[in-house]
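As stored in start.txt (compact mmCIF, C-alpha atoms and all ligand atoms):
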# COMPACT_ATOMS: atom_id res chain seq x y z
CA MET Y 240 1.70 -15.47 8.74
CA THR Y 241 4.09 -17.37 10.96
CA THR Y 242 3.66 -21.01 9.99
CA ASN Y 243 6.37 -22.75 8.03
CA SER Y 244 4.02 -24.93 6.10
CA ARG Y 245 3.52 -24.48 2.37
CA ARG Y 246 0.45 -26.65 2.65
CA TYR Y 247 -1.01 -24.31 5.23
CA PHE Y 248 -0.24 -21.38 2.94
CA LEU Y 249 -2.10 -22.97 0.06
CA GLN Y 250 -4.96 -24.16 2.23
CA ARG Y 251 -5.41 -20.73 3.69
CA LEU Y 252 -5.32 -19.13 0.30
CA LEU Y 253 -7.82 -21.54 -1.19
CA ALA Y 254 -10.12 -21.42 1.81
CA SER Y 255 -10.10 -17.67 1.69
CA SER Y 256 -11.70 -17.46 -1.71
CA VAL Y 257 -14.81 -18.74 -3.35
CA THR Y 258 -13.13 -18.31 -6.71
CA ILE Y 259 -10.19 -20.09 -8.22
CA PRO Y 260 -6.73 -18.60 -7.78
CA PHE Y 261 -4.49 -18.61 -10.81
CA LEU Y 262 -1.28 -20.57 -10.60
CA TYR Y 263 1.80 -19.18 -12.25
CA SER Y 264 5.10 -20.88 -12.72
CA SER Y 265 8.41 -19.32 -11.75
CA VAL Y 266 10.62 -19.87 -14.78
CA ALA Y 267 13.92 -20.15 -12.99
CA SER Y 268 12.84 -22.20 -10.03
CA GLY Y 269 10.39 -24.40 -11.95
CA LYS Y 270 8.15 -24.10 -8.92
CA THR Y 271 4.53 -23.19 -8.95
CA SER Y 272 3.68 -20.09 -7.11
CA VAL Y 273 0.34 -18.68 -6.21
CA LEU Y 274 -0.75 -15.44 -7.74
CA THR Y 275 -4.04 -14.65 -6.19
CA ALA Y 276 -5.97 -13.15 -9.06
CA ASN Y 277 -9.66 -13.91 -8.79
CA GLN Y 278 -11.21 -13.51 -12.16
CA GLN Y 279 -14.70 -14.77 -11.50
CA GLY Y 280 -17.56 -13.27 -9.56
CA PRO Y 281 -19.42 -10.00 -9.35
CA THR Y 282 -17.85 -6.70 -10.43
CA LEU Y 283 -16.72 -4.08 -7.92
CA ARG Y 284 -18.09 -0.69 -8.98
CA VAL Y 285 -15.56 1.96 -8.06
CA ALA Y 286 -15.81 5.76 -7.72
CA LEU Y 287 -12.36 7.34 -8.04
CA MET Y 288 -11.84 10.41 -5.86
CA GLY Y 289 -9.02 12.87 -6.65
CA LEU Y 290 -8.24 12.70 -10.35
CA GLY Y 291 -4.49 13.35 -10.15
CA ASP Y 292 -1.37 11.43 -11.18
CA TYR Y 293 -1.92 8.24 -9.26
CA ALA Y 294 -5.64 8.09 -10.03
CA SER Y 295 -4.70 8.27 -13.73
CA ARG Y 296 -2.48 5.22 -13.31
CA VAL Y 297 -5.17 3.34 -11.41
CA ALA Y 298 -7.82 4.24 -13.99
CA GLU Y 299 -5.67 3.02 -16.90
CA ALA Y 300 -4.82 -0.23 -15.09
CA MET Y 301 -8.47 -0.81 -14.24
CA GLN Y 302 -9.27 -1.04 -17.94
CA SER Y 303 -7.74 -4.54 -17.77
CA CYS Y 304 -9.57 -5.59 -14.60
CA LYS Y 305 -11.83 -8.61 -14.72
CA ARG Y 306 -13.73 -7.75 -11.57
CA ALA Y 307 -13.51 -4.00 -11.03
CA LYS Y 308 -14.71 -1.06 -13.11
CA ILE Y 309 -14.98 2.72 -12.78
CA THR Y 310 -18.59 3.77 -12.29
CA GLY Y 311 -18.13 7.09 -10.47
CA LEU Y 312 -15.81 10.11 -10.36
CA ILE Y 313 -15.22 12.77 -7.70
CA SER Y 314 -13.17 15.88 -8.45
CA GLY Y 315 -13.04 19.60 -7.76
CA THR Y 316 -12.38 20.35 -11.43
CA PRO Y 317 -15.47 20.22 -13.69
CA ALA Y 318 -13.33 19.94 -16.84
CA LYS Y 319 -11.64 16.80 -15.46
CA LEU Y 320 -15.01 15.28 -14.58
CA GLN Y 321 -16.17 15.80 -18.14
CA GLN Y 322 -12.95 14.54 -19.73
CA TRP Y 323 -12.66 11.48 -17.49
CA GLY Y 324 -16.41 10.87 -17.67
CA GLU Y 325 -16.25 10.65 -21.44
CA LYS Y 326 -13.05 8.62 -21.48
CA TYR Y 327 -14.26 6.02 -18.95
CA GLN Y 328 -17.97 6.19 -19.82
CA VAL Y 329 -19.09 7.43 -16.43
CA PRO Y 330 -22.51 9.10 -16.83
CA GLU Y 331 -23.03 12.68 -15.68
CA ASP Y 332 -25.21 11.65 -12.74
CA SER Y 333 -22.29 9.63 -11.34
CA ARG Y 334 -19.84 12.55 -11.41
CA TYR Y 335 -19.47 14.46 -8.16
CA SER Y 336 -17.66 17.43 -6.64
CA TYR Y 337 -16.09 17.44 -3.16
CA GLU Y 338 -19.05 19.54 -2.03
CA ASN Y 339 -21.84 17.24 -3.16
CA PHE Y 340 -20.33 13.75 -3.09
CA ASP Y 341 -22.24 12.79 0.09
CA SER Y 342 -25.22 12.22 -2.22
CA ILE Y 343 -23.32 9.24 -3.60
CA ARG Y 344 -25.37 7.32 -1.02
CA ASP Y 345 -28.28 7.43 -3.49
CA ASN Y 346 -26.18 5.96 -6.31
CA SER Y 347 -26.81 2.23 -6.40
CA ASN Y 348 -24.22 1.80 -9.15
CA ILE Y 349 -21.26 2.52 -6.82
CA ASP Y 350 -19.93 0.05 -4.22
CA VAL Y 351 -16.71 1.71 -3.11
CA VAL Y 352 -14.98 5.09 -3.10
CA TYR Y 353 -11.24 4.96 -3.81
CA VAL Y 354 -9.71 7.98 -2.01
CA ILE Y 355 -6.64 9.17 -3.96
CA THR Y 356 -6.39 12.72 -2.62
CA PRO Y 357 -3.46 14.32 -0.73
CA ASN Y 358 -2.73 12.62 2.62
CA ALA Y 359 -4.33 15.22 4.88
CA LEU Y 360 -7.69 14.73 3.16
CA HIS Y 361 -7.88 10.95 3.60
CA HIS Y 362 -9.52 11.25 7.03
CA GLU Y 363 -12.40 13.50 5.98
CA HIS Y 364 -12.93 11.80 2.62
CA THR Y 365 -12.94 8.29 4.09
CA ILE Y 366 -15.38 9.19 6.83
CA ARG Y 367 -17.77 10.97 4.45
CA ALA Y 368 -17.71 8.05 2.01
CA ALA Y 369 -18.38 5.60 4.85
CA LYS Y 370 -21.26 7.72 6.12
CA ALA Y 371 -22.68 7.61 2.59
CA GLY Y 372 -22.74 3.82 2.98
CA LYS Y 373 -19.89 3.05 0.58
CA HIS Y 374 -16.88 0.81 1.16
CA VAL Y 375 -13.60 2.71 1.09
CA ILE Y 376 -10.19 2.07 -0.41
CA CYS Y 377 -7.86 4.75 0.93
CA GLU Y 378 -4.41 5.49 -0.41
CA LYS Y 379 -1.32 5.32 1.74
CA PRO Y 380 -0.50 6.77 4.19
CA MET Y 381 -3.93 5.95 5.51
CA ALA Y 382 -3.95 8.87 7.99
CA LEU Y 383 -1.77 11.64 9.38
CA ASP Y 384 -1.79 10.23 12.92
CA VAL Y 385 -3.11 7.39 15.03
CA LYS Y 386 -6.14 9.34 16.25
CA GLU Y 387 -7.27 10.04 12.68
CA GLY Y 388 -6.64 6.44 11.62
CA GLN Y 389 -8.68 5.06 14.50
CA GLU Y 390 -11.55 7.44 13.70
CA MET Y 391 -11.53 6.20 10.10
CA ILE Y 392 -11.65 2.57 11.24
CA ASP Y 393 -14.46 3.36 13.69
CA ALA Y 394 -16.50 5.30 11.10
CA CYS Y 395 -16.30 2.40 8.63
CA ALA Y 396 -17.21 -0.14 11.32
CA GLN Y 397 -20.16 1.98 12.41
CA ALA Y 398 -21.38 2.31 8.83
CA GLY Y 399 -20.92 -1.43 8.23
CA VAL Y 400 -18.54 -0.88 5.32
CA LYS Y 401 -15.03 -2.20 4.66
CA LEU Y 402 -11.92 -0.05 4.80
CA LEU Y 403 -8.93 -1.10 2.68
CA VAL Y 404 -5.59 0.65 2.15
CA GLY Y 405 -4.10 0.87 -1.35
CA TYR Y 406 -1.11 -1.35 -0.60
CA ARG Y 407 -0.44 -2.59 -4.14
CA MET Y 408 2.73 -4.52 -3.17
CA HIS Y 409 0.62 -6.89 -1.05
CA PHE Y 410 -0.46 -8.57 -4.28
CA GLU Y 411 2.87 -8.46 -6.11
CA PRO Y 412 3.89 -11.97 -7.23
CA ASN Y 413 7.66 -11.83 -6.49
CA THR Y 414 6.91 -10.44 -3.04
CA LEU Y 415 4.40 -13.20 -2.34
CA GLU Y 416 6.85 -15.81 -3.64
CA ILE Y 417 9.45 -14.70 -1.08
CA ILE Y 418 6.88 -14.74 1.70
CA GLN Y 419 5.92 -18.24 0.68
CA MET Y 420 9.59 -19.35 0.74
CA ARG Y 421 10.06 -17.77 4.15
CA ASP Y 422 7.01 -19.56 5.51
CA LYS Y 423 8.25 -22.86 4.11
CA GLY Y 424 11.44 -22.33 6.09
CA GLU Y 425 13.64 -22.05 3.00
CA LEU Y 426 15.38 -18.97 4.37
CA GLY Y 427 15.72 -20.47 7.85
CA LYS Y 428 15.36 -18.25 10.90
CA ILE Y 429 14.94 -14.65 9.75
CA THR Y 430 17.60 -12.41 11.28
CA PHE Y 431 17.76 -9.21 9.23
CA PHE Y 432 15.80 -7.00 6.85
CA GLN Y 433 17.07 -3.96 4.99
CA GLY Y 434 14.64 -1.55 3.29
CA LEU Y 435 15.79 1.33 1.11
CA SER Y 436 13.04 3.71 -0.07
CA GLY Y 437 13.70 7.05 -1.64
CA PHE Y 438 14.11 9.39 -4.59
CA ARG Y 439 15.10 13.01 -5.20
CA ILE Y 440 11.89 14.98 -5.12
CA GLY Y 441 11.43 17.84 -7.64
CA ASP Y 442 9.09 20.85 -7.61
CA PRO Y 443 9.38 22.51 -4.17
CA SER Y 444 5.83 23.88 -4.40
CA GLN Y 445 4.10 20.47 -4.58
CA TRP Y 446 1.76 19.34 -1.79
CA ARG Y 447 4.17 16.53 -0.81
CA LEU Y 448 6.49 19.21 0.62
CA ASN Y 449 3.67 20.99 2.46
CA LYS Y 450 3.35 19.66 6.00
CA ALA Y 451 -0.33 20.63 6.22
CA LEU Y 452 -1.29 18.50 3.21
CA ALA Y 453 1.34 15.74 3.42
CA GLY Y 454 1.55 15.27 7.18
CA GLY Y 455 5.30 14.74 6.99
CA GLY Y 456 7.98 14.26 4.38
CA SER Y 457 9.74 11.31 2.81
CA LEU Y 458 8.74 8.88 5.56
CA VAL Y 459 4.97 9.08 5.08
CA ASP Y 460 5.25 9.10 1.29
CA ILE Y 461 8.02 6.68 0.32
CA GLY Y 462 9.60 5.45 3.58
CA ILE Y 463 6.24 3.87 4.38
CA TYR Y 464 7.17 1.13 1.87
CA SER Y 465 10.07 0.10 4.10
CA VAL Y 466 7.97 0.42 7.26
CA ASN Y 467 5.25 -1.77 5.81
CA GLY Y 468 7.71 -4.04 3.97
CA ALA Y 469 9.76 -4.72 7.10
CA ARG Y 470 6.63 -6.13 8.70
CA TYR Y 471 5.52 -8.40 5.85
CA MET Y 472 9.01 -9.50 4.86
CA VAL Y 473 10.10 -10.42 8.42
CA GLY Y 474 6.60 -11.74 9.15
CA GLU Y 475 6.39 -10.27 12.64
CA GLU Y 476 5.26 -7.03 14.27
CA PRO Y 477 8.10 -4.82 15.55
CA ILE Y 478 8.35 -4.12 19.29
CA TRP Y 479 10.75 -1.18 19.25
CA VAL Y 480 12.10 1.49 16.94
CA THR Y 481 15.06 3.86 16.93
CA ALA Y 482 15.52 6.60 14.31
CA GLN Y 483 17.78 9.43 13.20
CA GLU Y 484 16.98 12.34 10.89
CA THR Y 485 19.35 14.17 8.57
CA LYS Y 486 18.44 17.44 6.85
CA THR Y 487 20.73 19.17 4.34
CA ASP Y 488 18.21 21.58 2.77
CA THR Y 489 16.07 23.47 5.28
CA ILE Y 490 14.48 25.66 2.61
CA LYS Y 491 13.05 22.83 0.52
CA PHE Y 492 12.37 20.58 3.51
CA LYS Y 493 10.69 22.85 6.03
CA ASP Y 494 9.81 22.09 9.64
CA GLY Y 495 7.88 18.84 9.89
CA VAL Y 496 8.85 17.75 6.37
CA ASP Y 497 11.61 15.16 6.73
CA GLU Y 498 14.27 14.88 4.07
CA THR Y 499 16.11 11.73 5.15
CA ILE Y 500 15.45 9.36 8.04
CA GLN Y 501 17.24 6.17 9.00
CA PHE Y 502 15.30 3.88 11.29
CA GLN Y 503 15.79 0.53 12.93
CA LEU Y 504 13.10 -1.90 14.05
CA GLY Y 505 13.37 -4.78 16.50
CA PHE Y 506 11.16 -7.86 16.32
CA PRO Y 507 10.17 -10.37 19.05
CA SER Y 508 12.29 -13.16 17.50
CA GLY Y 509 15.41 -11.00 17.75
CA ALA Y 510 15.39 -10.10 14.05
CA VAL Y 511 16.26 -6.49 13.29
CA ALA Y 512 15.51 -4.16 10.38
CA SER Y 513 17.61 -1.26 9.16
CA CYS Y 514 15.84 1.14 6.82
CA LEU Y 515 16.42 4.37 4.95
CA SER Y 516 13.78 6.82 3.77
CA SER Y 517 14.75 9.83 1.67
CA TYR Y 518 13.47 12.61 -0.56
CA ASN Y 519 17.02 13.56 -1.48
CA ILE Y 520 18.79 10.32 -2.48
CA ASP Y 521 18.13 8.60 -5.78
CA HIS Y 522 17.94 4.90 -6.65
CA LEU Y 523 16.64 3.76 -3.27
CA ASP Y 524 14.25 0.91 -4.00
CA ARG Y 525 15.56 -2.30 -2.51
CA PHE Y 526 14.50 -4.92 0.05
CA PHE Y 527 16.92 -7.50 1.42
CA LEU Y 528 15.88 -10.30 3.76
CA SER Y 529 18.40 -12.56 5.44
CA GLY Y 530 17.89 -15.82 7.28
CA ASP Y 531 20.30 -18.42 8.63
CA LYS Y 532 19.69 -20.66 5.59
CA GLY Y 533 19.46 -18.12 2.79
CA PHE Y 534 18.47 -14.68 1.57
CA ALA Y 535 15.96 -12.96 -0.68
CA GLU Y 536 16.24 -9.66 -2.45
CA LEU Y 537 13.77 -7.43 -4.30
CA HIS Y 538 15.43 -4.79 -6.45
CA PRO Y 539 13.47 -2.83 -7.51
CA ALA Y 540 11.17 -3.67 -4.65
CA ASN Y 541 8.32 -1.16 -4.77
CA GLY Y 542 8.33 0.62 -8.13
CA TYR Y 543 5.52 0.12 -10.61
CA GLY Y 544 7.42 -2.78 -12.07
CA PRO Y 545 8.69 -5.02 -13.26
CA ILE Y 546 9.79 -5.96 -9.73
CA LYS Y 547 12.93 -8.10 -9.79
CA GLY Y 548 13.65 -10.73 -7.19
CA ARG Y 549 16.42 -13.18 -6.45
CA THR Y 550 17.26 -15.55 -3.65
CA HIS Y 551 20.28 -17.61 -2.59
CA LYS Y 552 18.88 -20.26 -4.95
CA ASN Y 553 17.92 -18.40 -8.12
CA GLU Y 554 16.30 -15.45 -9.80
CA LEU Y 555 12.58 -15.00 -9.38
CA ARG Y 556 10.84 -14.33 -12.63
CA MET Y 557 7.23 -14.00 -11.79
CA PRO Y 558 4.99 -12.60 -14.51
CA HIS Y 559 4.64 -8.84 -14.61
CA GLY Y 560 1.38 -7.02 -15.16
CA ALA Y 561 0.08 -3.65 -14.02
CA GLN Y 562 0.08 -3.92 -10.23
CA GLN Y 563 -3.08 -1.86 -9.90
CA THR Y 564 -5.00 -4.28 -12.15
CA LEU Y 565 -4.15 -7.14 -9.84
CA GLN Y 566 -4.77 -5.02 -6.75
CA MET Y 567 -8.26 -3.98 -7.86
CA ASP Y 568 -9.29 -7.49 -8.92
CA GLU Y 569 -8.07 -8.77 -5.55
CA MET Y 570 -9.81 -5.98 -3.69
CA ALA Y 571 -13.03 -6.90 -5.50
CA ALA Y 572 -12.68 -10.41 -4.08
CA ILE Y 573 -11.90 -9.04 -0.59
CA ILE Y 574 -14.86 -6.65 -0.58
CA LEU Y 575 -17.43 -8.72 -2.44
CA ASP Y 576 -16.45 -12.31 -1.57
CA GLY Y 577 -14.93 -11.79 1.88
CA LYS Y 578 -11.59 -13.13 0.71
CA GLN Y 579 -8.66 -12.88 3.16
CA PRO Y 580 -5.50 -11.63 1.42
CA ILE Y 581 -2.09 -13.18 2.18
CA ILE Y 582 -0.89 -9.84 3.58
CA PRO Y 583 -3.70 -7.82 5.17
CA VAL Y 584 -4.80 -4.58 3.49
CA ASP Y 585 -7.42 -3.45 5.98
CA GLY Y 586 -7.58 -0.33 8.13
CA ILE Y 587 -5.86 -2.07 11.04
CA GLU Y 588 -2.90 -2.84 8.78
CA GLY Y 589 -2.78 0.80 7.68
CA LEU Y 590 -3.01 2.01 11.27
CA LYS Y 591 -0.05 -0.17 12.33
CA ASP Y 592 2.15 1.65 9.84
CA VAL Y 593 0.85 5.02 11.05
CA LYS Y 594 1.71 3.99 14.63
CA ILE Y 595 5.23 3.03 13.63
CA MET Y 596 5.74 6.26 11.67
CA GLU Y 597 4.56 8.30 14.66
CA ALA Y 598 7.06 6.43 16.81
CA ILE Y 599 9.83 7.04 14.23
CA TYR Y 600 9.18 10.80 14.34
CA GLN Y 601 9.14 10.61 18.15
CA ALA Y 602 12.43 8.71 18.14
CA CYS Y 603 13.99 11.35 15.84
CA ALA Y 604 12.77 14.17 18.07
CA THR Y 605 13.89 12.63 21.37
CA GLY Y 606 16.81 10.45 20.36
CA GLN Y 607 15.16 7.76 22.47
CA LYS Y 608 14.25 4.19 21.59
CA GLN Y 609 10.44 3.88 21.34
CA GLU Y 610 8.58 0.79 22.46
CA LEU Y 611 5.84 -0.35 20.06
CA LYS Y 612 2.60 -2.15 20.90
CA LEU Y 613 0.93 -3.07 17.63
CA LEU Y 614 -0.91 -6.24 18.53
P1 LIG Y 701 -1.66 14.37 -7.20
O1 LIG Y 701 -1.31 15.71 -6.70
O2 LIG Y 701 -1.21 14.00 -8.56
O3 LIG Y 701 -3.24 14.16 -7.15
C1 LIG Y 701 -4.01 14.57 -6.05
C2 LIG Y 701 -5.42 14.95 -6.52
O4 LIG Y 701 -6.14 15.43 -5.40
C3 LIG Y 701 -5.41 16.06 -7.59
O5 LIG Y 701 -6.28 15.71 -8.62
C4 LIG Y 701 -5.91 17.27 -6.83
O6 LIG Y 701 -6.63 18.17 -7.66
C5 LIG Y 701 -6.81 16.64 -5.80
N1 LIG Y 701 -7.04 17.48 -4.63
C6 LIG Y 701 -8.21 17.57 -3.98
N2 LIG Y 701 -8.14 18.45 -2.99
C7 LIG Y 701 -6.90 18.95 -3.00
C8 LIG Y 701 -6.22 19.92 -2.20
N3 LIG Y 701 -6.83 20.54 -1.18
N4 LIG Y 701 -4.94 20.17 -2.47
C9 LIG Y 701 -4.29 19.53 -3.47
N5 LIG Y 701 -4.89 18.60 -4.27
C10 LIG Y 701 -6.20 18.33 -4.03
O7 LIG Y 701 -1.14 13.33 -6.12
P2 LIG Y 701 -0.96 11.77 -6.31
O8 LIG Y 701 0.46 11.47 -6.61
O9 LIG Y 701 -2.00 11.25 -7.21
O10 LIG Y 701 -1.20 11.25 -4.80
C11 LIG Y 701 -2.51 11.16 -4.25
C12 LIG Y 701 -2.51 10.12 -3.12
O11 LIG Y 701 -2.15 8.86 -3.66
C13 LIG Y 701 -1.51 10.39 -2.00
O12 LIG Y 701 -2.07 10.03 -0.76
C14 LIG Y 701 -0.34 9.49 -2.31
O13 LIG Y 701 0.39 9.08 -1.17
C15 LIG Y 701 -1.04 8.32 -2.97
N6 LIG Y 701 -0.17 7.60 -3.94
C16 LIG Y 701 -0.08 6.27 -3.84
C17 LIG Y 701 0.72 5.56 -4.72
C18 LIG Y 701 0.81 4.06 -4.65
O14 LIG Y 701 1.63 3.50 -5.35
N7 LIG Y 701 -0.02 3.41 -3.86
C19 LIG Y 701 1.43 6.26 -5.71
C20 LIG Y 701 1.30 7.63 -5.78
C21 LIG Y 701 0.48 8.31 -4.89

Please go through the file and, once you have read it, give me the structure as structure tokens.
Amino acid sequence: MTTNSRRYFLQRLLASSVTIPFLYSSVASGKTSVLTANQQGPTLRVALMGLGDYASRVAEAMQSCKRAKITGLISGTPAKLQQWGEKYQVPEDSRYSYENFDSIRDNSNIDVVYVITPNALHHEHTIRAAKAGKHVICEKPMALDVKEGQEMIDACAQAGVKLLVGYRMHFEPNTLEIIQMRDKGELGKITFFQGLSGFRIGDPSQWRLNKALAGGGSLVDIGIYSVNGARYMVGEEPIWVTAQETKTDTIKFKDGVDETIQFQLGFPSGAVASCLSSYNIDHLDRFFLSGDKGFAELHPANGYGPIKGRTHKNELRMPHGAQQTLQMDEMAAIILDGKQPIIPVDGIEGLKDVKIMEAIYQACATGQKQELKLL
């Protein structure tokens, strides 16, 4: 969103929904900010696929959803299907394996499949769910490369279903507050963004350190938050990227699995971003946005919360709730009501990040600046 008008922001938000957005007050600023929870309307019936760590978090958070509920489960482990089925009251005929889940097309009690499997499986799982006539929410990174991502978008379009990417930060209140301030012009002309995304990864045998299943290393898993964040915080699409890779442990971080990457993005306005992605540096979870009239900071910026924000004016103290509760209620409104989110979460949005990450890897490999054409 490029306009500087708060009124436009509100108009767009209100026009985008048939339900009533909730208004929350920022304690420190005394301002009213828009948190876009839609709590009225039909319920989104969700089949969770891949019952691992993140699916557990989503499932717990969904217990507080007003507009989304778990009505299906897909897993390769029968014991998990039984345990989760009992816990979340999903009947046996709505529990599937990876082999037989195409028959989900006959299940009228499921609207959407939420793909939460390892990265390399997103492509196949998304396309099969779409062919079964179900909407798809796919976890980040949406795909391993641009070709895969485009095929996923095309398959969903052909099947007439929606494709969303599980970008939970796109609904996070402090983040949206900063975007609103930026669009009002309170930060002035945006000149710089810094994104720090990383942690020290443990168990060397996990799929995240296996190129075939992960598709990369830190960048596609955690650095993607800075890639994506640079775009929504600056409010423009980057036109070039440069990048440098550092590897200190070639046994843990094998070929094609990046340990640490620094990358820089250039935007049409002249703004630049400087970002760090790492699997071997702790405490990296910070966004900083600078304009010629002020600044905004999120620190932590992308953890499960509470997210903390401050600006040149004051601290942001937006209410904290489980991010995945908000995300799934919002996604219900996007899928069922046709609501337009403030920051897009569709397949095209996911593909833009995949394009940038491909260019970052290319820049690391060649040492050359890469031009980007995202629009
Ligand atoms: P996980 O390993 O805990 O869970 C993955 C699940 O996929 C497991 O239940 C596993 O059994 C299943 N699976 C199916 N086929 C598999 C195969 N061939 N190999 C390995 N596992 C297989 O991983 P996770 O942390 O839940 O991550 C899953 C996805 O969710 C990833 O794409 C990740 O990037 C994404 N994620 C997103 C967020 C977020 O905040 N949006 C957070 C964590 C993970």

Excluding Y:Phe506 and any residue of its chain fewer than 5 positions from it, enumerate the residues within 7 Å of it, using all atoms listed in the file, and give them as number ranges by chain. Y: 475-478, 511

Using all atoms listed in the file, which residues of chain Y come within 7 Å of ligand LIG 701 (chain Y), and what is the closest atom pair for each, with the distance in Å to one decimal? Give it as JSON lines, sorted by chain and residue number.
{"residue": "Y:Gly289", "atom": "CA", "partner": "Y:LIG701", "partner_atom": "O4", "distance": 4.1}
{"residue": "Y:Leu290", "atom": "CA", "partner": "Y:LIG701", "partner_atom": "O5", "distance": 4.0}
{"residue": "Y:Gly291", "atom": "CA", "partner": "Y:LIG701", "partner_atom": "O5", "distance": 3.3}
{"residue": "Y:Asp292", "atom": "CA", "partner": "Y:LIG701", "partner_atom": "O2", "distance": 3.7}
{"residue": "Y:Tyr293", "atom": "CA", "partner": "Y:LIG701", "partner_atom": "O9", "distance": 3.6}
{"residue": "Y:Ala294", "atom": "CA", "partner": "Y:LIG701", "partner_atom": "O9", "distance": 5.6}
{"residue": "Y:Ser314", "atom": "CA", "partner": "Y:LIG701", "partner_atom": "C6", "distance": 6.9}
{"residue": "Y:Gly315", "atom": "CA", "partner": "Y:LIG701", "partner_atom": "C6", "distance": 6.5}
{"residue": "Y:Ile355", "atom": "CA", "partner": "Y:LIG701", "partner_atom": "C12", "distance": 4.3}
{"residue": "Y:Thr356", "atom": "CA", "partner": "Y:LIG701", "partner_atom": "O4", "distance": 3.9}
{"residue": "Y:Pro357", "atom": "CA", "partner": "Y:LIG701", "partner_atom": "O12", "distance": 4.5}
{"residue": "Y:Asn358", "atom": "CA", "partner": "Y:LIG701", "partner_atom": "O12", "distance": 4.3}
{"residue": "Y:Glu378", "atom": "CA", "partner": "Y:LIG701", "partner_atom": "C15", "distance": 5.1}
{"residue": "Y:Lys379", "atom": "CA", "partner": "Y:LIG701", "partner_atom": "O13", "distance": 5.1}
{"residue": "Y:Pro380", "atom": "CA", "partner": "Y:LIG701", "partner_atom": "O13", "distance": 5.9}
{"residue": "Y:Gly405", "atom": "CA", "partner": "Y:LIG701", "partner_atom": "N7", "distance": 5.4}
{"residue": "Y:Tyr406", "atom": "CA", "partner": "Y:LIG701", "partner_atom": "N7", "distance": 5.9}
{"residue": "Y:Arg407", "atom": "CA", "partner": "Y:LIG701", "partner_atom": "N7", "distance": 6.0}
{"residue": "Y:Trp446", "atom": "CA", "partner": "Y:LIG701", "partner_atom": "C9", "distance": 6.3}
{"residue": "Y:Leu452", "atom": "CA", "partner": "Y:LIG701", "partner_atom": "N4", "distance": 7.0}
{"residue": "Y:Asp460", "atom": "CA", "partner": "Y:LIG701", "partner_atom": "O13", "distance": 5.4}

As a check of understanding: the span from atom CA of Y:Leu528 to atom CA of Y:Met596 is 21.0 Å

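Atom to atom, atom CA of Y:Thr365 and atom CA of Y:Val584 stand 15.2 Å apart.
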
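Distances to Y:Ser529 were evaluated for Y:Glu325, Y:Glu390, Y:Glu331, Y:Glu425 using all atoms listed in the file, and the minimum falls at Y:Glu425.
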
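Closest approach to Y:Glu363 among Y:Ala382, Y:Leu504, Y:Leu523, Y:Met557: Y:Ala382, based on all atoms listed in the file.
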
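With all atoms listed in the file as the basis for measurement, Y:Arg525 is the residue among Y:Lys486, Y:Lys578, Y:Arg525, Y:Arg367 that approaches Y:Arg549 most closely.
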
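As for atom CA of Y:Val473 and atom CA of Y:Pro580, they are spaced 17.1 Å apart.
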
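You can rank Y:Glu536, Y:Asp422, Y:Asp524, Y:Asp393 by their closest distance to Y:Gly586 using only C-alpha atoms, and at the top of that list sits Y:Asp393.
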
Can you pull out the residues contacting Y:Val329? Cut-off 7 Å, using all atoms listed in the file, and skip same-chain residues under 3 positions away; I want them as a ChimeraX atom specification. /Y:310-311,324-325,333

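Using only C-alpha atoms, the smallest distance between any of Y:Glu588, Y:Asp521, Y:Asp576, Y:Asp350 and Y:Lys308 comes from Y:Asp350.
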
What's the 12 Å shell around Y:Gly505, counting all atoms listed in the file, without same-chain residues fewer than 6 positions away, as an MDAnalysis selection string? chainID Y and resid 430:432 466 469:470 473 475:482 511:514 595 608:612

How would the residues just chosen look if you wrote them out with C-alpha atoms as a short mmCIF file (atom, residue, chain, number, x, y, z; two decimals), keeping the file's coordinate frame?
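Result saved to result_15.cif:
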data_model
loop_
_atom_site.label_atom_id
_atom_site.label_comp_id
_atom_site.auth_asym_id
_atom_site.auth_seq_id
_atom_site.Cartn_x
_atom_site.Cartn_y
_atom_site.Cartn_z
CA THR Y 430 17.60 -12.41 11.28
CA PHE Y 431 17.76 -9.21 9.23
CA PHE Y 432 15.80 -7.00 6.85
CA VAL Y 466 7.97 0.42 7.26
CA ALA Y 469 9.76 -4.72 7.10
CA ARG Y 470 6.63 -6.13 8.70
CA VAL Y 473 10.10 -10.42 8.42
CA GLU Y 475 6.39 -10.27 12.64
CA GLU Y 476 5.26 -7.03 14.27
CA PRO Y 477 8.10 -4.82 15.55
CA ILE Y 478 8.35 -4.12 19.29
CA TRP Y 479 10.75 -1.18 19.25
CA VAL Y 480 12.10 1.49 16.94
CA THR Y 481 15.06 3.86 16.93
CA ALA Y 482 15.52 6.60 14.31
CA VAL Y 511 16.26 -6.49 13.29
CA ALA Y 512 15.51 -4.16 10.38
CA SER Y 513 17.61 -1.26 9.16
CA CYS Y 514 15.84 1.14 6.82
CA ILE Y 595 5.23 3.03 13.63
CA LYS Y 608 14.25 4.19 21.59
CA GLN Y 609 10.44 3.88 21.34
CA GLU Y 610 8.58 0.79 22.46
CA LEU Y 611 5.84 -0.35 20.06
CA LYS Y 612 2.60 -2.15 20.90
#

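Ranking Y:Gln483, Y:His522, Y:Gly509, Y:Tyr353 by their shortest atom-to-atom distance to Y:Gly606, with all atoms listed in the file included, puts Y:Gln483 first.
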
Residues of stretch 492-511 of chain Y that approach stretch 597-600 of chain Y to 10 Å or less, counting only C-alpha atoms: could you list each one with the shortest pair of atoms and its distance in Å to one decimal, rows by chain and increasing residue number, as a tab-separated table?
residue	atom	partner	partner_atom	distance
Y:Gly495	CA	Y:Tyr600	CA	9.3
Y:Asp497	CA	Y:Tyr600	CA	9.1
Y:Ile500	CA	Y:Ile599	CA	8.7
Y:Gln501	CA	Y:Ile599	CA	9.1
Y:Phe502	CA	Y:Ile599	CA	7.0
Y:Gln503	CA	Y:Ile599	CA	8.9
Y:Leu504	CA	Y:Ile599	CA	9.5
